[in-house]
Amino acid sequence: MEELMVLSETITTYEDLLNMLDSLLREPTGFWNGFYEDRTKGVPFFGNFPDENLVSYFDGGLIGPGKVLELGCGPGRNAIYLAQKGCSVDAVDLSKEALEWGKERAGDKNVQVNFIQGNIFDLDIAKGQYDFVYDSGCFHHIAPHRRMNYLEMVKKALRAKGLYSITCFVEGGILGGSDISDWEVYRQRSLKGGLGFTEEKLRMIFKEFEVVEIRKMRKMEQSDETFGVQGLWTALFRK
C-alpha cells in the first residue's frame, strides 16, 4: 500500500522522480544490516584484507597519504589499510552492523577511521575535499537513475587531479554481475544482486575522467594478506 501511495504522488521536481524510482527497488538499509549480522558467513570479502589493486596503487606510488573518502566501506578492511598508510579516512556505509564491526577492527589495529552511517547521497561534502575517493563493491548496487548523482558527488568531492578508484562486477562474471539492461532493472524491479559492467561501459560511464588503469582483479591467496577474486573489474581514474 505504501508503495502505491508513493507512486500515485504528483511528480513536480527531479527529487520526486528519483524518490519514485527508488521506491521501485528494494529498500537497502535493512538488507545490508541483515547481511552483516552473521560474521561467520563464508563471504570472501569478510576477511580483513585490503583489495590487491588498492595495495598496488600505494606500492606503485600512484597514491600516497592524503584525505580519503570510501563509499560503501562495509566492515572497514580497506578503510583500515588506508589509515595504516597515513591517510585521513572518512568511510561511509548504510549498515550499522558493518560499521560496528569496522570500529572493532580499527580499534584492534589501533588506527583512526571516521566511520559514517548513512546514504552516500546524503553526504555533506565540501568541493575539492578529498585527494582520493574509493569504492569497493558499492557502485554495482547503485540503480541507473542514481548514476548521475553518484558521478556529480565524486567530482565534487575530489580536488583537481584527484584520484577515484572502483571495483565492480564483471558483466556475466563468476560472482554474478547481472547483464540486464538499465530498462530491465525497472521492468523487473531488481538489480539482480548487482549490475555487471564491461570495460566499454565503464569507459562510457566515467568518460569525464582520465583513465589511469582498467583491468580485472587478480586472484590472491589468503597467505598474500590481500583480497583478490575473479569476476571483478578494478579501475583507477583521475579527475
# chains A, B, ... in the order shown; residues from 1 in each chain; ligands from 1
>>> select_by_dssp(residues="segment 28-139 of chain A", states="strand (DSSP E)", output="ChimeraX atom specification")
/A:67-71,88-93,114-117,130-136
>>> residues_around(residues="Glu225 of chain A", least_positions_apart="5", cutoff="9 Å", atoms="only C-alpha atoms", output="PDB file with N, CA and C atoms, in the first residue's frame")
ATOM      1  N   ASN A  48      39.717  -9.601   6.686  1.00  0.00           N
ATOM      2  CA  ASN A  48      40.211  -8.260   6.994  1.00  0.00           C
ATOM      3  C   ASN A  48      41.473  -7.941   6.196  1.00  0.00           C
ATOM      4  N   PHE A  49      41.356  -8.071   4.856  1.00  0.00           N
ATOM      5  CA  PHE A  49      42.477  -7.783   3.963  1.00  0.00           C
ATOM      6  C   PHE A  49      42.070  -6.725   2.939  1.00  0.00           C
ATOM      7  N   PRO A  50      42.978  -5.819   2.586  1.00  0.00           N
ATOM      8  CA  PRO A  50      42.648  -4.788   1.594  1.00  0.00           C
ATOM      9  C   PRO A  50      42.657  -5.347   0.177  1.00  0.00           C
ATOM     10  N   GLU A  52      43.667  -6.013  -3.557  1.00  0.00           N
ATOM     11  CA  GLU A  52      45.008  -6.094  -4.141  1.00  0.00           C
ATOM     12  C   GLU A  52      45.306  -4.885  -5.027  1.00  0.00           C
ATOM     13  N   MET A 220      43.997 -13.693  -5.499  1.00  0.00           N
ATOM     14  CA  MET A 220      45.039 -13.759  -4.477  1.00  0.00           C
ATOM     15  C   MET A 220      44.750 -14.892  -3.502  1.00  0.00           C
TER      16      MET A 220
END
>>> select_by_dssp(residues="segment 145-223 of chain A", states="alpha helix (DSSP H)", output="PyMOL selection string")
chain A and resi 147-157+182-188+199-205
>>> atom_distance(atom1="atom CA of Leu158 of chain A", atom2="atom CA of Ala91 of chain A")
15.0 Å
>>> residues_around(residues="segment 113-120 of chain A", least_positions_apart="4", cutoff="6 Å", atoms="only C-alpha atoms", output="ChimeraX atom specification")
/A:89-94
>>> write_last_selection(atoms="N, CA and C atoms", output="mmCIF file, in the first residue's frame")
data_model
loop_
_atom_site.group_PDB
_atom_site.id
_atom_site.type_symbol
_atom_site.label_atom_id
_atom_site.label_comp_id
_atom_site.auth_asym_id
_atom_site.auth_seq_id
_atom_site.Cartn_x
_atom_site.Cartn_y
_atom_site.Cartn_z
ATOM 1 N N VAL A 89 40.782 9.197 6.874
ATOM 2 C CA VAL A 89 39.750 8.437 6.153
ATOM 3 C C VAL A 89 38.353 8.695 6.702
ATOM 4 N N ASP A 90 37.440 9.100 5.802
ATOM 5 C CA ASP A 90 36.009 9.100 6.067
ATOM 6 C C ASP A 90 35.433 7.893 5.336
ATOM 7 N N ALA A 91 34.790 6.982 6.069
ATOM 8 C CA ALA A 91 34.295 5.732 5.488
ATOM 9 C C ALA A 91 32.795 5.628 5.737
ATOM 10 N N VAL A 92 32.019 5.504 4.668
ATOM 11 C CA VAL A 92 30.561 5.594 4.737
ATOM 12 C C VAL A 92 29.918 4.265 4.380
ATOM 13 N N ASP A 93 28.880 3.898 5.135
ATOM 14 C CA ASP A 93 28.094 2.719 4.795
ATOM 15 C C ASP A 93 26.689 2.870 5.381
ATOM 16 N N LEU A 94 25.723 2.223 4.728
ATOM 17 C CA LEU A 94 24.349 2.216 5.228
ATOM 18 C C LEU A 94 24.195 1.384 6.492
#
>>> atom_distance(atom1="atom CA of Tyr36 of chain A", atom2="atom CA of Glu100 of chain A")
10.0 Å
>>> residues_around(residues="Leu191 of chain A", least_positions_apart="5", cutoff="10 Å", atoms="only C-alpha atoms", output="MDAnalysis selection string")
chainID A and resid 25:26 140:144 177:182 184:186 196
>>> write_last_selection(atoms="N, CA, C and O atoms", output="mmCIF file, in the first residue's frame")
data_model
loop_
_atom_site.group_PDB
_atom_site.id
_atom_site.type_symbol
_atom_site.label_atom_id
_atom_site.label_comp_id
_atom_site.auth_asym_id
_atom_site.auth_seq_id
_atom_site.Cartn_x
_atom_site.Cartn_y
_atom_site.Cartn_z
ATOM 1 N N LEU A 25 12.538 -0.267 -6.145
ATOM 2 C CA LEU A 25 13.578 -1.245 -5.842
ATOM 3 C C LEU A 25 13.626 -1.532 -4.355
ATOM 4 O O LEU A 25 13.035 -0.818 -3.549
ATOM 5 N N ARG A 26 14.329 -2.558 -3.993
ATOM 6 C CA ARG A 26 14.440 -3.000 -2.601
ATOM 7 C C ARG A 26 15.033 -1.904 -1.717
ATOM 8 O O ARG A 26 16.027 -1.269 -2.073
ATOM 9 N N HIS A 140 28.172 -1.151 -8.141
ATOM 10 C CA HIS A 140 27.307 -2.091 -8.874
ATOM 11 C C HIS A 140 25.962 -2.308 -8.179
ATOM 12 O O HIS A 140 25.089 -2.992 -8.721
ATOM 13 N N HIS A 141 25.797 -1.733 -6.989
ATOM 14 C CA HIS A 141 24.492 -1.749 -6.322
ATOM 15 C C HIS A 141 23.751 -0.409 -6.452
ATOM 16 O O HIS A 141 22.698 -0.220 -5.838
ATOM 17 N N ILE A 142 24.304 0.500 -7.242
ATOM 18 C CA ILE A 142 23.666 1.795 -7.485
ATOM 19 C C ILE A 142 22.716 1.657 -8.677
ATOM 20 O O ILE A 142 23.115 1.212 -9.760
ATOM 21 N N ALA A 143 21.467 2.050 -8.500
ATOM 22 C CA ALA A 143 20.493 1.962 -9.586
ATOM 23 C C ALA A 143 20.841 2.955 -10.696
ATOM 24 O O ALA A 143 21.434 4.008 -10.436
ATOM 25 N N PRO A 144 20.484 2.637 -11.945
ATOM 26 C CA PRO A 144 20.847 3.512 -13.070
ATOM 27 C C PRO A 144 20.430 4.968 -12.897
ATOM 28 O O PRO A 144 21.177 5.874 -13.289
ATOM 29 N N GLY A 177 27.183 -10.426 -11.470
ATOM 30 C CA GLY A 177 27.308 -9.372 -12.473
ATOM 31 C C GLY A 177 26.208 -9.413 -13.511
ATOM 32 O O GLY A 177 26.422 -9.745 -14.677
ATOM 33 N N SER A 178 24.995 -9.063 -13.091
ATOM 34 C CA SER A 178 23.835 -9.157 -13.972
ATOM 35 C C SER A 178 24.061 -8.399 -15.276
ATOM 36 O O SER A 178 24.600 -7.292 -15.293
ATOM 37 N N ASP A 179 23.624 -9.020 -16.385
ATOM 38 C CA ASP A 179 23.788 -8.392 -17.690
ATOM 39 C C ASP A 179 22.491 -7.772 -18.196
ATOM 40 O O ASP A 179 22.369 -7.450 -19.382
ATOM 41 N N ILE A 180 21.517 -7.564 -17.306
ATOM 42 C CA ILE A 180 20.267 -6.951 -17.753
ATOM 43 C C ILE A 180 20.499 -5.481 -18.092
ATOM 44 O O ILE A 180 21.400 -4.834 -17.567
ATOM 45 N N SER A 181 19.667 -4.954 -18.970
ATOM 46 C CA SER A 181 19.781 -3.554 -19.363
ATOM 47 C C SER A 181 19.253 -2.644 -18.254
ATOM 48 O O SER A 181 18.548 -3.087 -17.336
ATOM 49 N N ASP A 182 19.589 -1.378 -18.344
ATOM 50 C CA ASP A 182 19.064 -0.418 -17.372
ATOM 51 C C ASP A 182 17.536 -0.407 -17.383
ATOM 52 O O ASP A 182 16.900 -0.304 -16.332
ATOM 53 N N GLU A 184 15.583 -2.913 -18.046
ATOM 54 C CA GLU A 184 15.091 -4.121 -17.398
ATOM 55 C C GLU A 184 15.151 -4.025 -15.871
ATOM 56 O O GLU A 184 14.379 -4.694 -15.170
ATOM 57 N N VAL A 185 16.041 -3.221 -15.341
ATOM 58 C CA VAL A 185 16.081 -3.010 -13.887
ATOM 59 C C VAL A 185 14.713 -2.572 -13.374
ATOM 60 O O VAL A 185 14.225 -3.061 -12.346
ATOM 61 N N TYR A 186 14.067 -1.685 -14.115
ATOM 62 C CA TYR A 186 12.773 -1.148 -13.662
ATOM 63 C C TYR A 186 11.613 -2.043 -14.074
ATOM 64 O O TYR A 186 10.618 -2.127 -13.347
ATOM 65 N N GLY A 196 26.401 -5.929 -13.648
ATOM 66 C CA GLY A 196 27.724 -6.179 -14.198
ATOM 67 C C GLY A 196 28.070 -5.163 -15.271
ATOM 68 O O GLY A 196 27.182 -4.555 -15.885
#
>>> closest_residue(among="A:Phe46, A:Val111, A:Leu24, A:Lys67", to="Gln188 of chain A", atoms="only C-alpha atoms")
A:Leu24
